[in-house]
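Asks: Structure file entry.csv (CSV, N, CA and C atoms) is given on the next line.
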chain,number,residue,atom,x,y,z
A,1,SER,N,-9.2,-5.3,9.6
A,1,SER,CA,-10.3,-6.3,9.6
A,1,SER,C,-11.2,-6.0,8.4
A,2,ALA,N,-12.1,-6.9,8.1
A,2,ALA,CA,-13.1,-6.7,7.0
A,2,ALA,C,-14.2,-5.7,7.4
A,3,GLU,N,-14.2,-5.3,8.6
A,3,GLU,CA,-15.3,-4.4,9.0
A,3,GLU,C,-15.0,-2.9,8.8
A,4,HIS,N,-13.7,-2.6,8.5
A,4,HIS,CA,-13.4,-1.2,8.2
A,4,HIS,C,-12.3,-1.1,7.1
A,5,ASN,N,-12.1,0.0,6.6
A,5,ASN,CA,-11.0,0.3,5.6
A,5,ASN,C,-9.9,1.0,6.3
A,6,ASP,N,-8.7,0.4,6.2
A,6,ASP,CA,-7.5,1.0,6.8
A,6,ASP,C,-7.1,2.3,6.1
A,7,PHE,N,-7.5,2.6,4.9
A,7,PHE,CA,-7.0,3.7,4.2
A,7,PHE,C,-8.2,4.5,3.6
A,8,GLN,N,-8.1,5.9,3.7
A,8,GLN,CA,-9.1,6.7,3.2
A,8,GLN,C,-8.8,7.4,1.9
A,9,ALA,N,-7.5,7.5,1.6
A,9,ALA,CA,-7.0,8.2,0.3
A,9,ALA,C,-5.7,7.6,-0.1
A,10,PHE,N,-5.5,7.7,-1.4
A,10,PHE,CA,-4.3,7.2,-2.0
A,10,PHE,C,-3.9,8.1,-3.1
A,11,TYR,N,-2.6,8.5,-3.1
A,11,TYR,CA,-2.1,9.5,-4.1
A,11,TYR,C,-0.8,8.9,-4.7
A,12,SER,N,-0.6,9.1,-6.0
A,12,SER,CA,0.7,8.6,-6.6
A,12,SER,C,1.0,9.5,-7.8
A,13,ILE,N,2.3,9.5,-8.0
A,13,ILE,CA,2.8,10.3,-9.2
A,13,ILE,C,4.1,9.5,-9.6
A,14,GLY,N,4.3,9.5,-10.9
A,14,GLY,CA,5.5,8.9,-11.4
A,14,GLY,C,6.0,9.6,-12.7
A,15,LEU,N,7.3,9.4,-12.9
A,15,LEU,CA,7.9,9.9,-14.1
A,15,LEU,C,8.7,8.8,-14.8
A,16,VAL,N,8.7,8.8,-16.1
A,16,VAL,CA,9.5,7.8,-16.9
A,16,VAL,C,10.4,8.6,-17.9
A,17,GLN,N,11.6,8.2,-17.9
A,17,GLN,CA,12.6,8.8,-18.9
A,17,GLN,C,12.9,7.7,-19.9
A,18,ASN,N,12.6,7.9,-21.2
A,18,ASN,CA,13.0,6.9,-22.2
A,18,ASN,C,14.4,7.2,-22.7
A,19,ASP,N,15.0,6.1,-23.2
A,19,ASP,CA,16.4,6.2,-23.8
A,19,ASP,C,17.4,6.8,-22.8
A,20,THR,N,17.3,6.5,-21.6
A,20,THR,CA,18.2,7.1,-20.6
A,20,THR,C,19.7,6.7,-20.8
A,21,PHE,N,19.9,5.4,-20.9
A,21,PHE,CA,21.3,4.9,-21.0
A,21,PHE,C,21.5,4.2,-22.4
A,22,LEU,N,20.4,3.5,-22.8
A,22,LEU,CA,20.5,2.7,-24.0
A,22,LEU,C,19.2,3.0,-24.8
A,23,SER,N,19.3,2.8,-26.1
A,23,SER,CA,18.1,3.0,-26.9
A,23,SER,C,17.0,2.0,-26.5
A,24,GLY,N,15.8,2.5,-26.2
A,24,GLY,CA,14.7,1.7,-25.9
A,24,GLY,C,14.6,1.4,-24.4
A,25,ASP,N,15.5,1.8,-23.6
A,25,ASP,CA,15.4,1.6,-22.1
A,25,ASP,C,14.5,2.6,-21.5
A,26,LYS,N,14.1,2.3,-20.2
A,26,LYS,CA,13.2,3.2,-19.5
A,26,LYS,C,13.6,3.3,-18.0
A,27,LEU,N,13.7,4.5,-17.5
A,27,LEU,CA,14.0,4.7,-16.1
A,27,LEU,C,12.8,5.4,-15.5
A,28,GLY,N,12.3,4.8,-14.4
A,28,GLY,CA,11.1,5.4,-13.7
A,28,GLY,C,11.3,5.7,-12.3
A,29,LEU,N,10.7,6.7,-11.8
A,29,LEU,CA,10.7,7.1,-10.4
A,29,LEU,C,9.2,7.4,-10.0
A,30,ALA,N,8.8,6.9,-8.9
A,30,ALA,CA,7.4,7.1,-8.5
A,30,ALA,C,7.3,7.2,-7.0
A,31,VAL,N,6.3,7.9,-6.5
A,31,VAL,CA,6.0,8.1,-5.1
A,31,VAL,C,4.5,7.8,-4.9
A,32,ALA,N,4.2,7.0,-3.9
A,32,ALA,CA,2.8,6.6,-3.6
A,32,ALA,C,2.6,6.8,-2.1
A,33,ILE,N,1.5,7.4,-1.8
A,33,ILE,CA,1.1,7.7,-0.4
A,33,ILE,C,-0.3,7.2,-0.2
A,34,ALA,N,-0.4,6.4,0.9
A,34,ALA,CA,-1.7,5.9,1.3
A,34,ALA,C,-2.0,6.5,2.7
A,35,GLU,N,-3.1,7.3,2.8
A,35,GLU,CA,-3.5,7.9,4.1
A,35,GLU,C,-4.4,7.0,4.9
A,36,THR,N,-4.1,7.0,6.2
A,36,THR,CA,-4.8,6.1,7.1
A,36,THR,C,-6.2,6.7,7.4
A,37,SER,N,-7.2,5.9,7.4
A,37,SER,CA,-8.5,6.3,7.7
A,37,SER,C,-8.7,6.6,9.2
A,38,SER,N,-9.7,7.5,9.5
A,38,SER,CA,-9.9,7.8,10.9
A,38,SER,C,-10.4,6.6,11.7
A,39,GLU,N,-11.1,5.7,11.0
A,39,GLU,CA,-11.5,4.4,11.7
A,39,GLU,C,-10.3,3.6,12.1
A,40,LYS,N,-9.3,3.5,11.2
A,40,LYS,CA,-8.0,2.8,11.6
A,40,LYS,C,-7.3,3.4,12.7
A,41,ARG,N,-7.3,4.8,12.7
A,41,ARG,CA,-6.6,5.5,13.8
A,41,ARG,C,-7.4,5.4,15.1
A,42,ARG,N,-8.7,5.2,15.0
A,42,ARG,CA,-9.5,5.0,16.2
A,42,ARG,C,-9.2,3.7,16.8
A,43,ILE,N,-9.2,2.7,16.0
A,43,ILE,CA,-8.9,1.3,16.4
A,43,ILE,C,-7.5,1.1,16.9
A,44,ASP,N,-6.6,1.8,16.2
A,44,ASP,CA,-5.1,1.7,16.5
A,44,ASP,C,-4.6,3.1,16.7
A,45,PRO,N,-4.6,3.7,17.9
A,45,PRO,CA,-4.2,5.1,18.1
A,45,PRO,C,-2.7,5.3,17.7
A,46,LEU,N,-1.9,4.3,17.7
A,46,LEU,CA,-0.5,4.5,17.4
A,46,LEU,C,-0.2,4.4,15.9
A,47,ALA,N,-1.2,4.2,15.1
A,47,ALA,CA,-1.0,4.1,13.6
A,47,ALA,C,-0.5,5.4,13.1
A,48,ASP,N,0.4,5.3,12.1
A,48,ASP,CA,0.9,6.5,11.4
A,48,ASP,C,-0.3,7.0,10.5
A,49,ARG,N,-0.1,8.3,10.2
A,49,ARG,CA,-1.1,8.9,9.3
A,49,ARG,C,-1.0,8.5,7.9
A,50,ARG,N,0.2,8.0,7.5
A,50,ARG,CA,0.3,7.5,6.1
A,50,ARG,C,1.5,6.5,5.9
A,51,GLU,N,1.4,5.8,4.8
A,51,GLU,CA,2.5,4.9,4.4
A,51,GLU,C,2.9,5.5,3.1
A,52,THR,N,4.3,5.7,2.9
A,52,THR,CA,4.8,6.3,1.7
A,52,THR,C,5.8,5.3,1.1
A,53,ALA,N,5.7,5.1,-0.2
A,53,ALA,CA,6.6,4.2,-1.0
A,53,ALA,C,7.3,5.1,-2.1
A,54,ILE,N,8.6,4.9,-2.1
A,54,ILE,CA,9.4,5.6,-3.2
A,54,ILE,C,10.0,4.5,-4.0
A,55,GLU,N,9.7,4.5,-5.3
A,55,GLU,CA,10.2,3.4,-6.2
A,55,GLU,C,11.0,3.9,-7.3
A,56,LEU,N,12.1,3.2,-7.6
A,56,LEU,CA,13.0,3.4,-8.7
A,56,LEU,C,13.1,2.1,-9.5
A,57,THR,N,12.8,2.2,-10.8
A,57,THR,CA,12.8,1.0,-11.6
A,57,THR,C,13.5,1.3,-13.0
A,58,TYR,N,14.0,0.3,-13.6
A,58,TYR,CA,14.7,0.4,-14.9
A,58,TYR,C,14.3,-0.8,-15.7
A,59,SER,N,13.9,-0.5,-17.0
A,59,SER,CA,13.6,-1.5,-17.9
A,59,SER,C,14.5,-1.5,-19.1
A,60,VAL,N,15.0,-2.7,-19.5
A,60,VAL,CA,15.9,-2.7,-20.6
A,60,VAL,C,15.7,-4.1,-21.4
A,61,ALA,N,15.8,-4.0,-22.7
A,61,ALA,CA,15.7,-5.2,-23.5
A,61,ALA,C,17.1,-5.9,-23.5
A,62,VAL,N,17.1,-7.2,-23.1
A,62,VAL,CA,18.3,-8.0,-23.1
A,62,VAL,C,18.5,-8.6,-24.5
A,63,THR,N,17.4,-9.0,-25.1
A,63,THR,CA,17.4,-9.4,-26.5
A,63,THR,C,16.1,-8.9,-27.1
A,64,ASP,N,15.8,-9.2,-28.3
A,64,ASP,CA,14.5,-8.8,-29.0
A,64,ASP,C,13.3,-9.4,-28.3
A,65,HIS,N,13.6,-10.5,-27.5
A,65,HIS,CA,12.5,-11.3,-26.9
A,65,HIS,C,12.4,-11.2,-25.4
A,66,ILE,N,13.5,-10.7,-24.8
A,66,ILE,CA,13.5,-10.7,-23.3
A,66,ILE,C,13.8,-9.3,-22.8
A,67,HIS,N,13.0,-8.9,-21.9
A,67,HIS,CA,13.1,-7.6,-21.2
A,67,HIS,C,13.3,-7.9,-19.7
A,68,ILE,N,14.1,-7.1,-19.0
A,68,ILE,CA,14.2,-7.3,-17.6
A,68,ILE,C,14.0,-5.9,-17.0
A,69,GLN,N,13.4,-5.9,-15.8
A,69,GLN,CA,13.0,-4.7,-15.1
A,69,GLN,C,13.3,-4.8,-13.6
A,70,PRO,N,14.6,-4.5,-13.1
A,70,PRO,CA,14.8,-4.5,-11.7
A,70,PRO,C,14.1,-3.3,-11.1
A,71,ASP,N,13.8,-3.4,-9.8
A,71,ASP,CA,13.0,-2.5,-9.1
A,71,ASP,C,13.4,-2.4,-7.6
A,72,ILE,N,13.5,-1.2,-7.1
A,72,ILE,CA,13.8,-1.0,-5.7
A,72,ILE,C,12.8,0.0,-5.1
A,73,GLN,N,12.3,-0.4,-3.9
A,73,GLN,CA,11.3,0.5,-3.2
A,73,GLN,C,11.7,0.7,-1.8
A,74,TYR,N,11.6,1.9,-1.3
A,74,TYR,CA,11.8,2.3,0.1
A,74,TYR,C,10.4,2.6,0.6
A,75,ILE,N,10.0,1.9,1.6
A,75,ILE,CA,8.7,2.1,2.2
A,75,ILE,C,8.8,2.7,3.6
A,76,ILE,N,8.2,3.8,3.8
A,76,ILE,CA,8.2,4.5,5.1
A,76,ILE,C,6.9,4.2,5.8
A,77,ALA,N,7.0,3.7,7.0
A,77,ALA,CA,5.9,3.3,7.9
A,77,ALA,C,5.0,2.2,7.2
A,78,PRO,N,5.6,1.1,6.9
A,78,PRO,CA,4.9,0.0,6.2
A,78,PRO,C,3.7,-0.4,7.1
A,79,GLY,N,2.6,-0.5,6.4
A,79,GLY,CA,1.3,-0.9,7.1
A,79,GLY,C,0.9,0.2,8.1
A,80,THR,N,1.4,1.4,8.0
A,80,THR,CA,1.2,2.5,8.9
A,80,THR,C,1.4,2.1,10.4
A,81,GLU,N,2.4,1.2,10.6
A,81,GLU,CA,2.7,0.7,11.9
A,81,GLU,C,4.2,0.8,12.2
A,82,SER,N,4.7,2.1,12.1
A,82,SER,CA,6.1,2.3,12.4
A,82,SER,C,6.5,1.9,13.8
A,83,TYR,N,5.5,1.9,14.7
A,83,TYR,CA,5.8,1.5,16.1
A,83,TYR,C,6.1,0.0,16.2
A,84,ARG,N,5.7,-0.8,15.2
A,84,ARG,CA,5.9,-2.2,15.2
A,84,ARG,C,6.9,-2.6,14.1
A,85,ARG,N,7.0,-1.8,13.0
A,85,ARG,CA,7.8,-2.2,11.9
A,85,ARG,C,8.7,-1.0,11.5
A,86,GLN,N,10.0,-1.4,11.2
A,86,GLN,CA,10.9,-0.4,10.7
A,86,GLN,C,10.6,-0.1,9.2
A,87,ASN,N,11.1,1.0,8.7
A,87,ASN,CA,11.0,1.3,7.3
A,87,ASN,C,11.6,0.1,6.5
A,88,ALA,N,11.1,-0.1,5.3
A,88,ALA,CA,11.5,-1.3,4.6
A,88,ALA,C,12.1,-0.9,3.3
A,89,LEU,N,13.0,-1.8,2.8
A,89,LEU,CA,13.7,-1.7,1.5
A,89,LEU,C,13.3,-3.0,0.8
A,90,ALA,N,12.7,-2.9,-0.4
A,90,ALA,CA,12.2,-4.1,-1.1
A,90,ALA,C,12.8,-4.0,-2.5
A,91,PHE,N,13.2,-5.2,-3.0
A,91,PHE,CA,13.8,-5.4,-4.3
A,91,PHE,C,12.9,-6.3,-5.1
A,92,GLY,N,12.9,-6.1,-6.4
A,92,GLY,CA,12.1,-7.0,-7.3
A,92,GLY,C,12.8,-7.1,-8.6
A,93,LEU,N,12.4,-8.1,-9.4
A,93,LEU,CA,12.9,-8.2,-10.7
A,93,LEU,C,11.8,-8.8,-11.6
A,94,ARG,N,11.4,-8.1,-12.6
A,94,ARG,CA,10.3,-8.5,-13.5
A,94,ARG,C,11.0,-8.9,-14.8
A,95,THR,N,10.6,-10.1,-15.3
A,95,THR,CA,11.2,-10.5,-16.6
A,95,THR,C,10.0,-10.7,-17.6
A,96,VAL,N,10.1,-10.2,-18.8
A,96,VAL,CA,9.1,-10.3,-19.8
A,96,VAL,C,9.7,-11.1,-21.0
A,97,PHE,N,9.0,-12.1,-21.4
A,97,PHE,CA,9.4,-12.9,-22.5
A,97,PHE,C,8.3,-12.6,-23.6
A,98,ARG,N,8.8,-12.2,-24.8
A,98,ARG,CA,7.9,-11.9,-25.9
A,98,ARG,C,8.1,-12.9,-27.0
A,99,LEU,N,7.0,-13.4,-27.6
A,99,LEU,CA,7.1,-14.3,-28.8
A,99,LEU,C,7.6,-13.6,-30.0
A,100,ALA,N,7.2,-12.3,-30.1
A,100,ALA,CA,7.7,-11.5,-31.3
A,100,ALA,C,8.3,-10.2,-30.8
A,101,PRO,N,9.3,-9.7,-31.4
A,101,PRO,CA,9.9,-8.5,-31.0
A,101,PRO,C,8.9,-7.3,-31.1
A,102,GLU,N,9.2,-6.3,-30.4
A,102,GLU,CA,8.3,-5.1,-30.5
A,102,GLU,C,8.6,-4.3,-31.7
Kindly transcribe the structure held in the file into structure tokens.
Replies:
Amino acid sequence: SAEHNDFQAFYSIGLVQNDTFLSGDKLGLAVAIAETSSEKRRIDPLADRRETAIELTYSVAVTDHIHIQPDIQYIIAPGTESYRRQNALAFGLRTVFRLAPE
């Protein structure tokens, strides 16, 4: 609700490896943790203490003007409500169009 904040802390770390498979590509791995606030746990005693997201992403130039970046995330205790929701697997695809090459 707007009357309280569900999270009291957020931590994240990520690593990027350049030129992993092809020249100019990028492979990234990140972990993000959001800790539940005491107010959220008071209102919802079943709430998990944290939500954790693990992300793997890869960016590559298809042409001088088009880059694609597929992404996969595994989310543990989404919304800090594992009693209501199972862990989640999310996929995404970002496409970047550039007028001029890098």
Asks: Determine the nearest neighbour of A:Gly79 from the options A:Leu27, A:Ala47, A:Ala9, A:Ile33, counting all atoms listed in the file.
Replies: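 Residue with the minimum atom-to-atom distance to A:Gly79: A:Ala47.
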Asks: Could you check how far atom CA of A:Thr20 sits from atom CA of A:His65, in Å to one decimal?
Replies: 20.3 Å
Asks: Near A:Val31, within 10 Å and counting only C-alpha atoms, which residues show up once chain neighbours fewer than 4 positions away are dropped, as a PyMOL selection string?
Replies: chain A and resi 11-15+52-56+73-75
Asks: Which of chain A end up as strand (DSSP E or B) when DSSP is run on this backbone - answer as a VMD selection string?
Replies: chain A and resid 7 to 18 26 to 36 50 to 61 66 to 76 88 to 97
Asks: Do you know which residues are at most 10 Å from stretch 42-44 of chain A counting only C-alpha atoms, after dropping those on the same chain fewer than 4 positions away, and could you put them as number ranges by chain?
Replies: A: 4, 6, 37-38, 48, 80-81
Asks: Please measure the separation of atom N of A:Pro78 and atom N of A:Arg50, giving the value in Å to one decimal.
Replies: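 Atom N of A:Pro78 sits 8.8 Å away from atom N of A:Arg50.
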Asks: Tell me which of A:Ala88, A:Val60, A:Leu46, A:Ile76 sits closest to A:Asp19, counting only C-alpha atoms.
Replies: A:Val60
Asks: For each of A:Tyr83, A:Phe7, A:Phe21, A:Phe97, take the minimum atom-to-atom distance to A:Glu35, counting only C-alpha atoms, then give the residue where this is smallest.
Replies: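 Smallest distance to A:Glu35 is found for A:Phe7.
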Asks: Counting only C-alpha atoms, figure out which residue out of A:Ala77, A:Ala34, A:Leu93, A:Ala100 gets nearest to A:Thr63.
Replies: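 Closest to A:Thr63, using only C-alpha atoms: A:Ala100.
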Asks: Residues of chain A in alpha helix (DSSP H) according to DSSP, as an MDAnalysis selection string?
Replies: chainID A and resid 38:43
Asks: Just write the chosen residues, N, CA and C atoms, as a JSON list (two decimals), in the frame of the given file.
Replies:
[["chain", "number", "residue", "atom", "x", "y", "z"],
["A", 38, "SER", "N", -9.70, 7.50, 9.50],
["A", 38, "SER", "CA", -9.90, 7.80, 10.90],
["A", 38, "SER", "C", -10.40, 6.60, 11.70],
["A", 39, "GLU", "N", -11.10, 5.70, 11.00],
["A", 39, "GLU", "CA", -11.50, 4.40, 11.70],
["A", 39, "GLU", "C", -10.30, 3.60, 12.10],
["A", 40, "LYS", "N", -9.30, 3.50, 11.20],
["A", 40, "LYS", "CA", -8.00, 2.80, 11.60],
["A", 40, "LYS", "C", -7.30, 3.40, 12.70],
["A", 41, "ARG", "N", -7.30, 4.80, 12.70],
["A", 41, "ARG", "CA", -6.60, 5.50, 13.80],
["A", 41, "ARG", "C", -7.40, 5.40, 15.10],
["A", 42, "ARG", "N", -8.70, 5.20, 15.00],
["A", 42, "ARG", "CA", -9.50, 5.00, 16.20],
["A", 42, "ARG", "C", -9.20, 3.70, 16.80],
["A", 43, "ILE", "N", -9.20, 2.70, 16.00],
["A", 43, "ILE", "CA", -8.90, 1.30, 16.40],
["A", 43, "ILE", "C", -7.50, 1.10, 16.90]]
Asks: Using all atoms listed in the file, can you tell me which of A:Gly28, A:Arg85, A:Gln8, A:Lys40 comes closest to A:Thr57?
Replies: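 Distance minimum relative to A:Thr57 lands on A:Gly28.
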Asks: Can you measure atom CA of A:Thr36 to atom CA of A:Leu89 for me? One decimal in Å is fine.
Replies: 20.8 Å
Asks: Any idea what's packed within 7 Å of A:Ile66, counting all atoms listed in the file, ignoring anything in its chain fewer than 4 positions away? Could you give it as a list of chain:residue names?
Replies: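 So the residues in contact are A:Val60, A:Ala61, A:Val62, A:Thr95, A:Val96, A:Phe97, A:Arg98.
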Asks: Starting from the block above, write stretch 80-95 of chain A out to a file with N, CA and C atoms, as a PDB file, in the first residue's frame, please.
Replies:
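Writing the result to decode_14.pdb gives the following:
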ATOM      1  N   THR A  80       8.194 -11.196  -2.549  1.00  0.00           N
ATOM      2  CA  THR A  80       8.380 -11.717  -1.186  1.00  0.00           C
ATOM      3  C   THR A  80       7.171 -12.505  -0.709  1.00  0.00           C
ATOM      4  N   GLU A  81       6.492 -13.141  -1.652  1.00  0.00           N
ATOM      5  CA  GLU A  81       5.289 -13.897  -1.313  1.00  0.00           C
ATOM      6  C   GLU A  81       5.376 -15.315  -1.861  1.00  0.00           C
ATOM      7  N   SER A  82       6.399 -16.073  -1.422  1.00  0.00           N
ATOM      8  CA  SER A  82       6.564 -17.434  -1.926  1.00  0.00           C
ATOM      9  C   SER A  82       5.411 -18.347  -1.502  1.00  0.00           C
ATOM     10  N   TYR A  83       4.689 -17.969  -0.455  1.00  0.00           N
ATOM     11  CA  TYR A  83       3.530 -18.763  -0.046  1.00  0.00           C
ATOM     12  C   TYR A  83       2.381 -18.615  -1.046  1.00  0.00           C
ATOM     13  N   ARG A  84       2.412 -17.562  -1.863  1.00  0.00           N
ATOM     14  CA  ARG A  84       1.394 -17.339  -2.899  1.00  0.00           C
ATOM     15  C   ARG A  84       1.903 -17.577  -4.303  1.00  0.00           C
ATOM     16  N   ARG A  85       3.202 -17.316  -4.512  1.00  0.00           N
ATOM     17  CA  ARG A  85       3.787 -17.379  -5.856  1.00  0.00           C
ATOM     18  C   ARG A  85       5.001 -18.294  -5.848  1.00  0.00           C
ATOM     19  N   GLN A  86       5.136 -19.063  -6.913  1.00  0.00           N
ATOM     20  CA  GLN A  86       6.330 -19.888  -7.084  1.00  0.00           C
ATOM     21  C   GLN A  86       7.468 -19.018  -7.597  1.00  0.00           C
ATOM     22  N   ASN A  87       8.677 -19.517  -7.481  1.00  0.00           N
ATOM     23  CA  ASN A  87       9.805 -18.823  -8.093  1.00  0.00           C
ATOM     24  C   ASN A  87       9.501 -18.648  -9.575  1.00  0.00           C
ATOM     25  N   ALA A  88      10.061 -17.611 -10.167  1.00  0.00           N
ATOM     26  CA  ALA A  88       9.697 -17.261 -11.539  1.00  0.00           C
ATOM     27  C   ALA A  88      10.913 -17.259 -12.452  1.00  0.00           C
ATOM     28  N   LEU A  89      10.651 -17.556 -13.710  1.00  0.00           N
ATOM     29  CA  LEU A  89      11.650 -17.476 -14.756  1.00  0.00           C
ATOM     30  C   LEU A  89      11.129 -16.469 -15.777  1.00  0.00           C
ATOM     31  N   ALA A  90      11.908 -15.432 -16.041  1.00  0.00           N
ATOM     32  CA  ALA A  90      11.470 -14.379 -16.953  1.00  0.00           C
ATOM     33  C   ALA A  90      12.475 -14.243 -18.097  1.00  0.00           C
ATOM     34  N   PHE A  91      11.942 -14.023 -19.289  1.00  0.00           N
ATOM     35  CA  PHE A  91      12.768 -13.834 -20.477  1.00  0.00           C
ATOM     36  C   PHE A  91      12.481 -12.458 -21.072  1.00  0.00           C
ATOM     37  N   GLY A  92      13.498 -11.846 -21.648  1.00  0.00           N
ATOM     38  CA  GLY A  92      13.308 -10.564 -22.309  1.00  0.00           C
ATOM     39  C   GLY A  92      14.224 -10.458 -23.516  1.00  0.00           C
ATOM     40  N   LEU A  93      13.910  -9.513 -24.374  1.00  0.00           N
ATOM     41  CA  LEU A  93      14.750  -9.238 -25.532  1.00  0.00           C
ATOM     42  C   LEU A  93      14.725  -7.746 -25.793  1.00  0.00           C
ATOM     43  N   ARG A  94      15.873  -7.129 -25.668  1.00  0.00           N
ATOM     44  CA  ARG A  94      16.019  -5.698 -25.938  1.00  0.00           C
ATOM     45  C   ARG A  94      16.650  -5.551 -27.312  1.00  0.00           C
ATOM     46  N   THR A  95      16.101  -4.663 -28.115  1.00  0.00           N
ATOM     47  CA  THR A  95      16.660  -4.379 -29.433  1.00  0.00           C
ATOM     48  C   THR A  95      16.997  -2.894 -29.499  1.00  0.00           C
TER      49      THR A  95
END
